[in-house]
>>> print(open('work06.cif').read())   # mmCIF, C-alpha atoms and all ligand atoms
data_structure
loop_
_atom_site.label_atom_id
_atom_site.label_comp_id
_atom_site.auth_asym_id
_atom_site.auth_seq_id
_atom_site.Cartn_x
_atom_site.Cartn_y
_atom_site.Cartn_z
CA MET T 1 43.14 -186.19 27.76
CA LEU T 2 45.71 -184.57 30.03
CA ILE T 3 44.44 -184.22 33.56
CA ARG T 4 46.39 -181.71 35.56
CA PRO T 5 46.78 -182.42 39.28
CA PRO T 6 45.05 -179.79 41.41
CA LYS T 7 47.33 -176.97 42.41
CA ARG T 8 48.21 -176.84 46.10
CA LYS T 9 46.15 -174.22 47.87
CA ALA T 10 48.12 -171.12 48.80
CA ASN T 11 48.38 -170.37 52.50
CA ILE T 12 47.72 -166.69 53.10
CA LEU T 13 48.47 -164.91 56.35
CA PHE T 14 46.13 -161.92 56.31
CA GLN T 15 46.74 -159.16 58.84
CA LEU T 16 44.19 -156.43 59.57
CA THR T 17 44.99 -153.29 61.56
CA GLY T 18 42.82 -150.49 62.96
CA SER T 19 41.54 -148.69 59.89
CA ILE T 20 38.06 -147.85 58.72
CA ALA T 21 38.99 -149.78 55.55
CA CYS T 22 38.78 -153.15 57.38
CA TYR T 23 35.40 -153.70 55.75
CA LYS T 24 37.03 -153.52 52.31
CA ALA T 25 39.62 -156.12 53.31
CA CYS T 26 36.74 -158.58 53.87
CA GLY T 27 36.07 -158.47 50.14
CA VAL T 28 39.66 -159.52 49.46
CA ILE T 29 39.50 -162.34 52.02
CA SER T 30 36.25 -163.62 50.54
CA LYS T 31 37.73 -163.69 47.03
CA LEU T 32 40.82 -165.55 48.25
CA VAL T 33 38.76 -168.19 50.06
CA GLN T 34 36.45 -168.62 47.07
CA GLY T 35 39.56 -169.11 44.93
CA GLY T 36 40.68 -172.02 47.12
CA CYS T 37 43.25 -170.26 49.32
CA ASP T 38 43.60 -171.16 52.98
CA VAL T 39 43.45 -167.82 54.82
CA LYS T 40 44.42 -167.25 58.45
CA THR T 41 43.67 -163.81 59.83
CA VAL T 42 45.60 -161.88 62.45
CA VAL T 43 44.27 -158.64 63.90
CA THR T 44 45.44 -155.86 66.15
CA ALA T 45 43.25 -155.03 69.13
CA ASN T 46 42.31 -151.81 67.35
CA ALA T 47 41.19 -153.65 64.21
CA LEU T 48 38.43 -155.20 66.32
CA ASN T 49 36.96 -151.70 66.74
CA PHE T 50 36.19 -151.84 63.02
CA ILE T 51 35.39 -155.49 62.37
CA GLY T 52 34.16 -158.42 64.43
CA LYS T 53 36.04 -161.68 64.91
CA SER T 54 32.88 -163.55 63.83
CA THR T 55 33.00 -161.94 60.38
CA LEU T 56 36.57 -163.08 59.84
CA GLU T 57 35.89 -166.54 61.25
CA GLY T 58 32.84 -166.86 59.04
CA LEU T 59 34.77 -165.83 55.94
CA THR T 60 37.83 -168.00 56.59
CA HIS T 61 36.40 -170.91 58.66
CA ARG T 62 39.43 -170.38 60.87
CA PRO T 63 39.95 -168.84 64.31
CA VAL T 64 41.29 -165.29 64.41
CA TYR T 65 44.70 -164.65 65.95
CA MET T 66 45.34 -161.58 68.08
CA ASP T 67 47.14 -162.42 71.27
CA THR T 68 50.79 -163.51 71.11
CA PHE T 69 50.39 -165.21 74.48
CA GLU T 70 47.08 -166.96 73.87
CA ASP T 71 47.00 -170.55 75.05
CA ARG T 72 47.41 -172.28 71.69
CA SER T 73 50.81 -173.71 70.87
CA ALA T 74 53.80 -171.78 72.08
CA LEU T 75 55.87 -170.21 69.31
CA GLU T 76 52.78 -169.83 67.07
CA HIS T 77 54.40 -166.72 65.59
CA VAL T 78 57.18 -168.86 64.16
CA GLU T 79 54.83 -171.64 63.04
CA LEU T 80 52.56 -169.23 61.20
CA THR T 81 55.43 -167.67 59.30
CA LYS T 82 56.53 -171.19 58.29
CA TRP T 83 52.97 -172.13 57.28
CA MET T 84 52.34 -169.10 55.07
CA ASP T 85 53.16 -168.83 51.37
CA LEU T 86 52.40 -165.11 51.41
CA ALA T 87 51.50 -162.49 54.00
CA ILE T 88 49.61 -159.27 53.54
CA THR T 89 48.94 -156.47 55.99
CA CYS T 90 45.65 -155.03 54.76
CA PRO T 91 44.57 -152.49 55.70
CA ALA T 92 47.90 -151.27 57.10
CA THR T 93 47.60 -148.27 59.40
CA ALA T 94 50.26 -145.58 59.62
CA ASN T 95 50.94 -146.85 63.13
CA ALA T 96 51.44 -150.47 62.00
CA MET T 97 53.69 -149.50 59.10
CA ASN T 98 55.81 -147.23 61.26
CA LYS T 99 56.16 -149.91 63.93
CA MET T 100 57.08 -152.55 61.33
CA ALA T 101 59.73 -150.26 59.84
CA ALA T 102 61.15 -149.60 63.30
CA GLY T 103 61.42 -153.32 64.09
CA VAL T 104 58.93 -153.03 66.94
CA ALA T 105 57.22 -156.31 67.85
CA ASP T 106 54.78 -155.46 70.63
CA ASP T 107 51.68 -157.23 69.32
CA PHE T 108 50.99 -160.34 67.23
CA VAL T 109 50.87 -158.46 63.91
CA THR T 110 54.29 -156.85 64.33
CA THR T 111 55.81 -159.94 66.01
CA LEU T 112 54.90 -162.00 62.95
CA PHE T 113 56.48 -159.40 60.71
CA LEU T 114 59.73 -159.60 62.64
CA ALA T 115 59.65 -163.41 62.42
CA TRP T 116 59.10 -163.21 58.63
CA ASP T 117 61.10 -165.55 56.41
CA GLN T 118 62.13 -162.98 53.83
CA LYS T 119 62.20 -165.51 50.99
CA LYS T 120 58.38 -165.36 51.00
CA PRO T 121 56.37 -162.39 49.72
CA TRP T 122 55.02 -159.86 52.22
CA LEU T 123 52.59 -157.25 50.89
CA VAL T 124 51.41 -154.11 52.64
CA ALA T 125 48.22 -152.33 51.55
CA PRO T 126 48.23 -148.92 53.25
CA ALA T 127 45.04 -147.14 54.27
CA MET T 128 45.11 -143.80 55.98
CA ASN T 129 44.26 -140.12 55.94
CA ARG T 130 46.24 -138.05 53.41
CA SER T 131 48.21 -136.22 56.13
CA MET T 132 49.26 -139.50 57.77
CA TRP T 133 50.30 -140.81 54.35
CA ALA T 134 52.35 -137.65 53.66
CA HIS T 135 53.95 -137.55 57.12
CA PRO T 136 57.77 -137.90 57.06
CA ALA T 137 57.57 -140.86 59.47
CA THR T 138 55.31 -142.75 57.05
CA ARG T 139 57.36 -141.70 54.01
CA ARG T 140 60.48 -143.05 55.68
CA SER T 141 58.74 -146.31 56.64
CA VAL T 142 57.52 -146.87 53.08
CA LYS T 143 61.12 -146.49 51.90
CA THR T 144 62.57 -148.74 54.62
CA LEU T 145 60.00 -151.50 54.15
CA GLY T 146 60.56 -151.38 50.38
CA GLU T 147 64.30 -151.74 50.89
CA TRP T 148 63.64 -154.83 53.02
CA GLY T 149 61.73 -156.48 50.18
CA VAL T 150 58.19 -155.70 51.31
CA LYS T 151 55.86 -154.99 48.40
CA ILE T 152 54.04 -151.77 49.29
CA LEU T 153 50.88 -151.53 47.22
CA GLY T 154 49.80 -148.15 45.93
CA THR T 155 47.00 -146.15 47.44
CA GLY T 156 43.95 -144.65 45.84
CA LYS T 157 43.19 -140.97 45.65
CA GLY T 158 39.79 -139.56 46.48
CA TYR T 159 37.23 -139.04 49.22
CA GLN T 160 38.37 -140.14 52.67
CA ALA T 161 36.18 -141.09 55.61
CA CYS T 162 37.29 -137.99 57.54
CA GLY T 163 35.95 -135.78 54.73
CA ASP T 164 39.35 -134.95 53.23
CA VAL T 165 40.16 -135.65 49.63
CA GLY T 166 43.60 -136.98 48.77
CA GLU T 167 46.07 -139.89 48.71
CA GLY T 168 45.95 -142.76 51.16
CA ARG T 169 42.76 -144.68 50.42
CA LEU T 170 42.98 -148.47 50.44
CA LEU T 171 43.00 -149.91 46.91
CA GLU T 172 39.82 -151.63 45.80
CA PRO T 173 39.49 -155.34 46.75
CA GLU T 174 39.80 -156.51 43.11
CA GLU T 175 43.11 -154.65 42.72
CA ILE T 176 44.50 -156.06 45.96
CA HIS T 177 43.41 -159.57 45.01
CA LYS T 178 45.18 -159.17 41.67
CA GLU T 179 48.41 -158.07 43.41
CA ILE T 180 48.27 -161.12 45.70
CA MET T 181 47.82 -163.47 42.75
CA LYS T 182 50.73 -161.78 40.97
CA ALA T 183 52.98 -162.16 44.02
CA LEU T 184 52.09 -165.85 44.43
C1 LIG T 201 37.09 -143.91 62.93
C2 LIG T 201 38.59 -144.10 62.86
C3 LIG T 201 39.16 -144.45 61.66
C4 LIG T 201 40.54 -144.62 61.55
N1 LIG T 201 41.07 -144.97 60.35
C5 LIG T 201 42.41 -145.07 60.23
C6 LIG T 201 42.99 -145.38 58.97
O1 LIG T 201 42.30 -145.62 57.97
N2 LIG T 201 44.34 -145.45 58.90
C7 LIG T 201 45.15 -145.21 59.98
O2 LIG T 201 46.37 -145.25 59.83
N3 LIG T 201 44.62 -144.94 61.19
C8 LIG T 201 43.29 -144.87 61.35
N4 LIG T 201 42.75 -144.60 62.57
C9 LIG T 201 43.65 -144.44 63.72
C10 LIG T 201 44.16 -145.81 64.20
O3 LIG T 201 43.05 -146.65 64.52
C11 LIG T 201 45.10 -145.64 65.39
O4 LIG T 201 46.29 -144.99 64.97
C12 LIG T 201 45.42 -146.95 66.06
O5 LIG T 201 46.31 -146.71 67.13
C13 LIG T 201 46.01 -147.97 65.11
O6 LIG T 201 46.30 -149.14 65.82
P1 LIG T 201 46.89 -150.46 65.12
O7 LIG T 201 47.86 -150.00 64.10
O8 LIG T 201 47.55 -151.19 66.26
O9 LIG T 201 45.75 -151.23 64.60
C14 LIG T 201 41.37 -144.44 62.70
C15 LIG T 201 40.77 -144.11 63.91
C16 LIG T 201 39.41 -143.95 63.99
C17 LIG T 201 38.80 -143.61 65.33
#
>>> encode(input="work06.cif", output="structure tokens")
Amino acid sequence: MLIRPPKRKANILFQLTGSIACYKACGVISKLVQGGCDVKTVVTANALNFIGKSTLEGLTHRPVYMDTFEDRSALEHVELTKWMDLAITCPATANAMNKMAAGVADDFVTTLFLAWDQKKPWLVAPAMNRSMWAHPATRRSVKTLGEWGVKILGTGKGYQACGDVGEGRLLEPEEIHKEIMKAL
């Protein structure tokens, strides 16, 4: 009988930004961990208005990264981009996407993006109100990030937390998980 050696676990850098859809991202993280992936989470300060560090630590069994200058090892932003097999920003706010597309690196999430080794896949799962999604700044950022090789996932259409109905909803966790597996 042929016994296949176990596949190496994929290292996933999972970034969460300040969207109401952070709770949906937890479903994706849980599926990845259950599938044997090693997941390290990075959050913006605003993401912590929507989700607690303890939830992410509990799901990943790993500390949560937020502060570029935290007293871990220096140059962690470079080490993490070397460690990862794939990164995903999920949910990605309009603000985060527009900063990434402008090359701004003023927090850990955007600093990691600028330190990205572009041979590895980077996915972005947008989540925002329909007007933010349609704004010319966001449209331009989607185009720019795509030209740089970032895989921008689609968005869902429907009821939004603000009461609007339209484009910009985060995809469902199963769909995002499928996209990650495809990209790996
Ligand atoms: C209740 C609430 C929900 C929000 N949801 C979103 C969202 O889904 N997408 C988005 O782009 N911004 C959303 N925002 C606005 C962002 O949190 C805000 O632009 C913030 O500056 C984003 O910071 P970050 O990108 O550094 O995480 C929301 C704000 C509030 C108060």
>>> residues_near_point(input="work06.cif", point="(45.6, -132.2, 52.4)", cutoff="12 Å", atoms="only C-alpha atoms", output="list of chain:residue names")
T:Asn129, T:Arg130, T:Ser131, T:Met132, T:Trp133, T:Ala134, T:His135, T:Lys157, T:Gly158, T:Tyr159, T:Gln160, T:Cys162, T:Gly163, T:Asp164, T:Val165, T:Gly166, T:Glu167, T:Gly168
>>> closest_atom_pairs(input="work06.cif", of="chain T", to="ligand LIG 201 (chain T)", cutoff="10 Å", atoms="all atoms listed in the file", output="Markdown table")
| residue | atom | partner | partner_atom | distance |
| --- | --- | --- | --- | --- |
| T:Gln15 | CA | T:LIG201 | O9 | 9.9 |
| T:Leu16 | CA | T:LIG201 | O9 | 7.4 |
| T:Thr17 | CA | T:LIG201 | O9 | 3.8 |
| T:Gly18 | CA | T:LIG201 | O9 | 3.4 |
| T:Ser19 | CA | T:LIG201 | O1 | 3.7 |
| T:Ile20 | CA | T:LIG201 | N1 | 4.5 |
| T:Ala21 | CA | T:LIG201 | O1 | 5.8 |
| T:Cys22 | CA | T:LIG201 | O1 | 8.3 |
| T:Val43 | CA | T:LIG201 | O9 | 7.6 |
| T:Thr44 | CA | T:LIG201 | O9 | 4.9 |
| T:Ala45 | CA | T:LIG201 | O9 | 6.4 |
| T:Asn46 | CA | T:LIG201 | O9 | 4.4 |
| T:Ala47 | CA | T:LIG201 | O9 | 5.2 |
| T:Leu48 | CA | T:LIG201 | O9 | 8.5 |
| T:Asn49 | CA | T:LIG201 | O3 | 8.2 |
| T:Phe50 | CA | T:LIG201 | C1 | 8.0 |
| T:Pro91 | CA | T:LIG201 | O1 | 7.6 |
| T:Ala92 | CA | T:LIG201 | O2 | 6.8 |
| T:Thr93 | CA | T:LIG201 | O2 | 3.3 |
| T:Ala94 | CA | T:LIG201 | O2 | 3.9 |
| T:Asn95 | CA | T:LIG201 | O7 | 4.5 |
| T:Ala96 | CA | T:LIG201 | O7 | 4.2 |
| T:Met97 | CA | T:LIG201 | O7 | 7.7 |
| T:Asn98 | CA | T:LIG201 | O7 | 8.9 |
| T:Lys99 | CA | T:LIG201 | O7 | 8.3 |
| T:Met100 | CA | T:LIG201 | O7 | 10.0 |
| T:Asp106 | CA | T:LIG201 | O8 | 9.5 |
| T:Asp107 | CA | T:LIG201 | O8 | 7.9 |
| T:Phe108 | CA | T:LIG201 | O8 | 9.8 |
| T:Val109 | CA | T:LIG201 | O8 | 8.3 |
| T:Thr110 | CA | T:LIG201 | O8 | 9.0 |
| T:Pro126 | CA | T:LIG201 | N2 | 7.7 |
| T:Ala127 | CA | T:LIG201 | O1 | 4.8 |
| T:Met128 | CA | T:LIG201 | N2 | 3.4 |
| T:Asn129 | CA | T:LIG201 | N2 | 6.1 |
| T:Arg130 | CA | T:LIG201 | N2 | 9.4 |
| T:Ser131 | CA | T:LIG201 | O2 | 9.9 |
| T:Met132 | CA | T:LIG201 | O2 | 6.8 |
| T:Trp133 | CA | T:LIG201 | O2 | 8.1 |
| T:Thr138 | CA | T:LIG201 | O2 | 9.7 |
| T:Gln160 | CA | T:LIG201 | O1 | 8.6 |
| T:Ala161 | CA | T:LIG201 | C3 | 7.5 |
| T:Cys162 | CA | T:LIG201 | C3 | 7.9 |
| T:Gly168 | CA | T:LIG201 | O1 | 8.2 |
| T:Arg169 | CA | T:LIG201 | O1 | 7.6 |
| T:Leu170 | CA | T:LIG201 | O1 | 8.1 |
>>> residues_around(input="work06.cif", residues="Val42 (chain T)", least_positions_apart="6", cutoff="12 Å", atoms="all atoms listed in the file", output="PyMOL selection string")
chain T and resi 12-18+48+53+56-57+60+62-68+76-77+80-81+87-91+107-113
>>> atom_distance(input="work06.cif", atom1="CA of Asp85 (chain T)", atom2="CA of Val39 (chain T)")
10.4 Å
>>> atom_distance(input="work06.cif", atom1="CA of Lys119 (chain T)", atom2="CA of Leu153 (chain T)")
18.4 Å
